[in-house]
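Since the structure comes first, as structure tokens, the remarks are kept for the end.
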Amino acid sequence: MKLYLPLDSVAVALGAEAIAAAILTEAARRGIRVDLVRNGSRGMVWLEPLVEVETDAGRIGVGPMTVADVPALFGSAARHPKALGLVEDLPWMKGQTRLTFARVGVIDPLSLADYRAHGGLQGLTRARSMTRAEIVAEVTDSGLRGRGGAGFPTGIKWKTVSDAPGDRKYIVCNADEGDSATFADRMLMEGDPFCLIEGMAIAGLACGAAKGFVYIRSEYPIAIRVMESAIRIARTAGVLDAGFDIEVRVGAGAYVCGEETSLLNSLEGRRGVVRAKPPLPALEGFMGKPTVVNNVISLASVPVILAKGAAFYKDFGHGRSRGTVPLQIAGNVRYGGLYETAFGLTLGQIVDDIAGGTASGRPVKAVQVGGPLGAYHPRADFDTPFGYEDFAGQGGLIGHAGLTVFDDSADMLAQARFAMEFCAIESCGKCTPCRIGAVRGVETIDRIAKGDAAAIPLLTDLCSTMKSGSLCALGGFTPYPVLSALTHFPEDFTPVREAAE
Amino acid sequence: MLDSADLSDRVAQILADHAGLEGPLLPILHGIQAAFGHVPQAAIPQIAKALNLSKAEVHGVITFYHDFREAPAGRHVLKLCRAEACQAMGADRMAAEVKAALGIDWHETTPDGRVTLEPVFCLGLCACGPAAMLDGRLIGRCDAGIVAEVMA
Ligand SMILES: Cc1cc2nc3c(=O)[nH]c(=O)nc-3n(C[C@H](O)[C@H](O)[C@H](O)COP(=O)(O)O)c2cc1C
Ligand code: FES
């Protein structure tokens, strides 16, 4: 009997370890041999822990599981009270275009044989038959843009590093994933770590780099463990060797270390303060050497691009946002999780149709798109297509593609205050607009809350100073959530006292 | 309590384990914190010397990062997510209840040394918030009942 139960952090946080133990105990009691595969998560968080039972017809999902639901797994899976039918046929799965996440939840994340059987290593094999310039051109032609937030074309970054003179070059994978509402990097590393390894190896070939780092935040213990195991397995199998090797490095709880220059300082063992650009990390990065810094999803999208060709990938998408994007739908949401789709769905389709509105059943008030530096969007923005330029046009950004849904109980003044507070806590301290501005921002919003309407123009002034004067997007983009809250939800900034007068 | 010779032997071992790494300071500090539960003041000169840094530089790195502590934590460490997706599910209210039940604020330890309460900004469990981590164990859809678990 073959069963699947995710090792993904979400499944574990919702009790998967107890379910795993109960399955093994029950199997032993019945004298049945079970093959329990710990897979990645399919991304349907409301169904976790989700057990899948392999049958002749396919994999039948059963969930969300409790320990009490375990014995009935040993009868007919299809007739289990929590049976969901074939997982592949669930609407959430059928609606997706899974290119980067094709294997996540499907395979055993630490089986290289599984990885190969599901198309793994085809991209690297093809890249090995190509010149450096050809690999770079393939990535450029695919239209792939950085999924870490800034949306910079990946192929152009690689070309800069590839062409830069240097005796040593580095590929640094940014797995700091600090934005609230984002977990795609985590799910990919936990569910298909070889895909990231393959993407980094291809980047190494394209740029002439022999060494890669994966900088993973310390808040992700399971991702760290799975990545480290996968790297060891890849070394033993010769996928990684002296020509290109990878090391995992663990962050230490600083949001700003997701910013690429701060990350490089951290990797070098320094305080994670932001470096002024230029020089670009592509020319003077880790230890002053030419360095690619790319997000996990950018790198993990490269294997399918090399395997199936730039045209195949580029065919998906909308406007200048090509390919697919793993949406991460979170917060007060009925159906939350990871949904990979071509760019171009509207915000309303994502929130109302795919996510089914709020978990509380109350109306959606606001959706923050792009993490703590992203804007709060009202329902009036729901016809905005999901794309880099489209959200920029609405005074926002897509960032790492996380969406946080809030119901009508949300207090947008409190959310604006939190944005400033977060910036103050996480500022690296190097530039004044961010370090001091954020502290003043909290004070100013507190004045507004106490009924001082004259503080509102001070807040907008402060935001324009932070926007134009900050060294990086931490101080520079904190005005997005603050000003969007103020613009779209002015009633939350109107002093209650004034209304009473 | 460790005596100083013991401490310096163990620090020397951790330094040796990380020899040859490029930019080894963070891995070393993680190693030291894993061994001692915090980064003891007494270890700083030894680390500085081994890496050819000043004591002030090493101290500066330790204080920059939220993870590194200069004093031991309580016997349990409870981290509650304070970030937006968890806020949307009532994390602020839950945090207030937990603080009231424990009688402490963020970054404080109960007087009996049982539990230290810390904020964390996202655990990647944003579609099953409020999220928490108790002694390294991840918890989704957490509520103030977590206090009873810590006290048990
Ligand atoms: C404050 C701040 C935090 C950031 N955090 C992350 C992060 O956690 N992960 C990430 O990939 N990029 C993050 N970025 C963006 C990086 O600076 C950089 O643009 C990215 O790693 C480049 O990779 P890409 O081109 O593949 O997106 C952050 C930027 C800022 C300003
Ligand atoms: S926002 Fe709380 S876990 Fe991500």
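Naming works like this for the structure tokens: A, B, ... for the chains as they're shown, residue 1 at the start of each chain, ligands 1 onward in shown order.
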
Please check which protein, DNA or RNA residues sit within 7 Å of ligand 2, counting only C-alpha atoms and all ligand atoms, and write them as a PyMOL selection string. (chain A and resi 180-182) or (chain B and resi 81-86+121-126+129-131)

Produce a file of the selected residues containing C-alpha atoms, as a JSON list (two decimals), in the first residue's frame.
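Result saved to again-v9.json:
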```json
[["chain", "number", "residue", "atom", "x", "y", "z"],
["A", 180, "SER", "CA", 4.28, 38.03, 4.68],
["A", 181, "ALA", "CA", 1.93, 35.96, 2.49],
["A", 182, "THR", "CA", 4.76, 34.33, 0.59],
["B", 81, "CYS", "CA", 3.96, 35.64, 13.99],
["B", 82, "ARG", "CA", 3.11, 39.33, 13.91],
["B", 83, "ALA", "CA", 3.03, 39.78, 10.12],
["B", 84, "GLU", "CA", 0.12, 40.87, 7.94],
["B", 85, "ALA", "CA", -1.40, 37.56, 6.82],
["B", 86, "CYS", "CA", -1.54, 36.39, 10.42],
["B", 121, "PHE", "CA", 7.70, 38.20, 11.02],
["B", 122, "CYS", "CA", 6.35, 35.33, 8.97],
["B", 123, "LEU", "CA", 6.95, 31.61, 9.22],
["B", 124, "GLY", "CA", 5.66, 30.86, 5.72],
["B", 125, "LEU", "CA", 2.42, 29.50, 7.19],
["B", 126, "CYS", "CA", 0.43, 32.49, 5.97],
["B", 129, "GLY", "CA", -2.50, 31.68, 10.51],
["B", 130, "PRO", "CA", -2.09, 32.74, 13.19],
["B", 131, "ALA", "CA", 1.25, 30.94, 13.09]]
```

Per DSSP on the backbone, filter chain B down to the residues in helix (DSSP H, G or I) and report them as a VMD selection string. chain B and resid 4 to 17 25 to 36 41 to 51 55 to 64 84 to 87 91 to 102 146 to 151

Write out as CSV a residue-level contact list of chain A versus ligand 1 with cut-off 9 Å: for each qualifying residue the closest pair of atoms and the distance in Å to one decimal, counting only C-alpha atoms and all ligand atoms, rows sorted by chain and residue number upward.
```
residue,atom,partner,partner_atom_place_in_ligand_line,distance
A:Arg145,CA,ligand 1,25 (O),6.5
A:Gly146,CA,ligand 1,27 (O),3.2
A:Arg147,CA,ligand 1,27 (O),4.2
A:Gly148,CA,ligand 1,27 (O),3.2
A:Gly149,CA,ligand 1,27 (O),5.2
A:Ala150,CA,ligand 1,19 (O),4.9
A:Gly151,CA,ligand 1,27 (O),5.8
A:Phe152,CA,ligand 1,25 (O),5.2
A:Pro153,CA,ligand 1,25 (O),6.9
A:Thr154,CA,ligand 1,25 (O),5.9
A:Lys157,CA,ligand 1,25 (O),7.8
A:Val172,CA,ligand 1,21 (O),8.8
A:Cys173,CA,ligand 1,21 (O),7.6
A:Asn174,CA,ligand 1,11 (O),4.7
A:Ala175,CA,ligand 1,9 (N),5.7
A:Asp176,CA,ligand 1,8 (O),4.0
A:Glu177,CA,ligand 1,8 (O),3.4
A:Gly178,CA,ligand 1,8 (O),4.6
A:Asp179,CA,ligand 1,8 (O),6.4
A:Asp185,CA,ligand 1,11 (O),8.6
A:Arg217,CA,ligand 1,8 (O),8.4
A:Tyr255,CA,ligand 1,3 (C),6.2
A:Val256,CA,ligand 1,1 (C),4.5
A:Cys257,CA,ligand 1,3 (C),6.5
A:Gly258,CA,ligand 1,5 (N),3.3
A:Glu259,CA,ligand 1,17 (O),3.5
A:Glu260,CA,ligand 1,17 (O),3.9
A:Thr261,CA,ligand 1,17 (O),7.0
A:Ser262,CA,ligand 1,17 (O),8.2
A:Leu263,CA,ligand 1,17 (O),8.2
A:Val274,CA,ligand 1,31 (C),8.8
A:Val292,CA,ligand 1,23 (O),8.3
A:Val293,CA,ligand 1,23 (O),5.4
A:Asn294,CA,ligand 1,26 (O),3.4
A:Asn295,CA,ligand 1,11 (O),3.6
A:Val296,CA,ligand 1,11 (O),6.5
A:Ile297,CA,ligand 1,26 (O),7.2
A:Ser298,CA,ligand 1,26 (O),4.8
A:Leu299,CA,ligand 1,26 (O),6.9
A:Leu373,CA,ligand 1,1 (C),8.0
A:Gly399,CA,ligand 1,15 (C),8.4
A:His400,CA,ligand 1,10 (C),7.4
A:Cys423,CA,ligand 1,1 (C),8.8
A:Glu426,CA,ligand 1,1 (C),8.4
A:Ser427,CA,ligand 1,1 (C),8.3
A:Leu471,CA,ligand 1,31 (C),8.9
A:Cys472,CA,ligand 1,31 (C),5.2
A:Ala473,CA,ligand 1,31 (C),3.9
A:Leu474,CA,ligand 1,1 (C),4.2
A:Gly475,CA,ligand 1,1 (C),7.9
A:Gly476,CA,ligand 1,31 (C),8.1
A:Phe477,CA,ligand 1,31 (C),8.1
```

Using only C-alpha atoms, determine which residues lie at most 6 Å from Lys314 of chain A, disregarding the query and same-chain residues fewer than 4 positions distant; provide the list as a ChimeraX atom specification. /A:142-143,322-323

Residue selection dump (N, CA, C and O atoms) as a short mmCIF file (atom, residue, chain, number, x, y, z; two decimals), in the first residue's frame:
```cif
data_model
loop_
_atom_site.label_atom_id
_atom_site.label_comp_id
_atom_site.auth_asym_id
_atom_site.auth_seq_id
_atom_site.Cartn_x
_atom_site.Cartn_y
_atom_site.Cartn_z
N SER A 142 13.11 33.73 -23.16
CA SER A 142 11.91 33.20 -22.47
C SER A 142 11.10 34.32 -21.84
O SER A 142 9.94 34.13 -21.48
N GLY A 143 11.73 35.50 -21.69
CA GLY A 143 11.02 36.61 -21.05
C GLY A 143 10.99 36.52 -19.54
O GLY A 143 10.31 37.31 -18.88
N ARG A 322 5.86 37.51 -18.76
CA ARG A 322 5.78 36.25 -19.50
C ARG A 322 5.90 35.06 -18.56
O ARG A 322 6.52 35.12 -17.51
N GLY A 323 5.31 33.94 -19.02
CA GLY A 323 5.41 32.70 -18.26
C GLY A 323 4.37 32.61 -17.17
O GLY A 323 3.30 33.23 -17.25
#
```

Extract, using only C-alpha atoms, all DNA, RNA and protein residues at most 12 Å from Met466 of chain A, discarding same-chain residues fewer than 2 positions from it, and format them as a VMD selection string. chain A and resid 420 423 431 to 441 459 to 464 468 to 480 482 to 483

Print the selection's residues with C-alpha atoms to a file, as a short mmCIF file (atom, residue, chain, number, x, y, z; two decimals), in the first residue's frame.
```cif
data_model
loop_
_atom_site.label_atom_id
_atom_site.label_comp_id
_atom_site.auth_asym_id
_atom_site.auth_seq_id
_atom_site.Cartn_x
_atom_site.Cartn_y
_atom_site.Cartn_z
CA MET A 420 5.87 51.99 9.46
CA CYS A 423 10.14 49.38 8.59
CA CYS A 431 20.06 55.70 5.46
CA THR A 432 18.16 58.35 7.41
CA PRO A 433 14.86 58.48 5.48
CA CYS A 434 14.23 54.84 6.32
CA ARG A 435 15.73 54.69 9.84
CA ILE A 436 14.29 57.94 11.20
CA GLY A 437 11.40 58.34 8.75
CA ALA A 438 9.76 55.10 9.84
CA VAL A 439 9.90 56.09 13.52
CA ARG A 440 8.39 59.50 12.70
CA GLY A 441 5.81 57.68 10.58
CA LEU A 459 2.39 61.81 6.73
CA THR A 460 2.17 62.25 2.96
CA ASP A 461 5.24 64.53 3.02
CA LEU A 462 7.16 62.02 5.06
CA CYS A 463 6.22 59.29 2.60
CA SER A 464 7.53 61.28 -0.35
CA SER A 468 12.80 59.52 -2.98
CA GLY A 469 15.56 59.45 -0.38
CA SER A 470 15.90 55.83 0.79
CA LEU A 471 18.82 53.69 -0.28
CA CYS A 472 16.72 50.58 -0.91
CA ALA A 473 13.11 49.55 -1.32
CA LEU A 474 12.57 48.93 2.40
CA GLY A 475 12.31 52.64 3.14
CA GLY A 476 11.48 53.44 -0.48
CA PHE A 477 8.38 51.23 -0.74
CA THR A 478 6.99 51.37 2.81
CA PRO A 479 4.95 54.37 1.56
CA TYR A 480 3.02 51.99 -0.73
CA VAL A 482 0.80 53.50 4.01
CA LEU A 483 -0.43 55.77 1.22
#
```

Chain A contacts on chain B, only C-alpha atoms, 9 Å, as an NGL selection string: :B and (22-27 or 30 or 57-58 or 60-68 or 83-89 or 120-133 or 136-141)

What does the file look like for those residues with C-alpha atoms, as a PDB file, in the first residue's frame?
```pdb
ATOM      1  CA  GLU B  22      34.140  31.767   2.788  1.00  0.00           C
ATOM      2  CA  GLY B  23      32.588  34.355   5.104  1.00  0.00           C
ATOM      3  CA  PRO B  24      32.302  32.016   8.112  1.00  0.00           C
ATOM      4  CA  LEU B  25      31.031  34.360  10.839  1.00  0.00           C
ATOM      5  CA  LEU B  26      27.280  33.650  10.640  1.00  0.00           C
ATOM      6  CA  PRO B  27      27.695  29.855  10.522  1.00  0.00           C
ATOM      7  CA  HIS B  30      24.794  29.823  14.725  1.00  0.00           C
ATOM      8  CA  GLU B  57      33.042  44.098  14.641  1.00  0.00           C
ATOM      9  CA  VAL B  58      31.983  40.706  15.998  1.00  0.00           C
ATOM     10  CA  GLY B  60      28.251  44.554  15.883  1.00  0.00           C
ATOM     11  CA  VAL B  61      27.294  41.502  13.857  1.00  0.00           C
ATOM     12  CA  ILE B  62      25.764  39.734  16.871  1.00  0.00           C
ATOM     13  CA  THR B  63      23.587  42.715  17.739  1.00  0.00           C
ATOM     14  CA  PHE B  64      22.490  43.330  14.136  1.00  0.00           C
ATOM     15  CA  TYR B  65      20.642  40.021  13.801  1.00  0.00           C
ATOM     16  CA  HIS B  66      17.432  39.313  15.719  1.00  0.00           C
ATOM     17  CA  ASP B  67      18.324  35.605  16.091  1.00  0.00           C
ATOM     18  CA  PHE B  68      21.456  35.964  18.181  1.00  0.00           C
ATOM     19  CA  ALA B  83       3.033  39.776  10.118  1.00  0.00           C
ATOM     20  CA  GLU B  84       0.116  40.873   7.938  1.00  0.00           C
ATOM     21  CA  ALA B  85      -1.395  37.557   6.822  1.00  0.00           C
ATOM     22  CA  CYS B  86      -1.536  36.395  10.418  1.00  0.00           C
ATOM     23  CA  GLN B  87      -2.923  39.785  11.501  1.00  0.00           C
ATOM     24  CA  ALA B  88      -5.766  39.211   9.039  1.00  0.00           C
ATOM     25  CA  MET B  89      -6.601  36.098  11.085  1.00  0.00           C
ATOM     26  CA  VAL B 120       8.558  36.679  14.379  1.00  0.00           C
ATOM     27  CA  PHE B 121       7.703  38.200  11.021  1.00  0.00           C
ATOM     28  CA  CYS B 122       6.348  35.325   8.971  1.00  0.00           C
ATOM     29  CA  LEU B 123       6.954  31.608   9.221  1.00  0.00           C
ATOM     30  CA  GLY B 124       5.660  30.858   5.717  1.00  0.00           C
ATOM     31  CA  LEU B 125       2.418  29.503   7.187  1.00  0.00           C
ATOM     32  CA  CYS B 126       0.431  32.488   5.969  1.00  0.00           C
ATOM     33  CA  ALA B 127      -2.612  30.563   4.713  1.00  0.00           C
ATOM     34  CA  CYS B 128      -3.136  28.851   8.085  1.00  0.00           C
ATOM     35  CA  GLY B 129      -2.500  31.683  10.511  1.00  0.00           C
ATOM     36  CA  PRO B 130      -2.090  32.737  13.193  1.00  0.00           C
ATOM     37  CA  ALA B 131       1.254  30.945  13.086  1.00  0.00           C
ATOM     38  CA  ALA B 132       3.611  30.153  15.934  1.00  0.00           C
ATOM     39  CA  MET B 133       6.788  28.280  16.715  1.00  0.00           C
ATOM     40  CA  GLY B 136      11.395  25.036  16.963  1.00  0.00           C
ATOM     41  CA  ARG B 137       8.069  23.235  16.361  1.00  0.00           C
ATOM     42  CA  LEU B 138       5.755  24.862  13.793  1.00  0.00           C
ATOM     43  CA  ILE B 139       2.128  25.489  14.699  1.00  0.00           C
ATOM     44  CA  GLY B 140      -0.648  26.602  12.352  1.00  0.00           C
ATOM     45  CA  ARG B 141      -4.064  28.026  13.329  1.00  0.00           C
TER      46      ARG B 141
END
```

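What separates atom CA of Phe74 of chain A from atom CA of Val34 of chain A is a distance of 10.1 Å.
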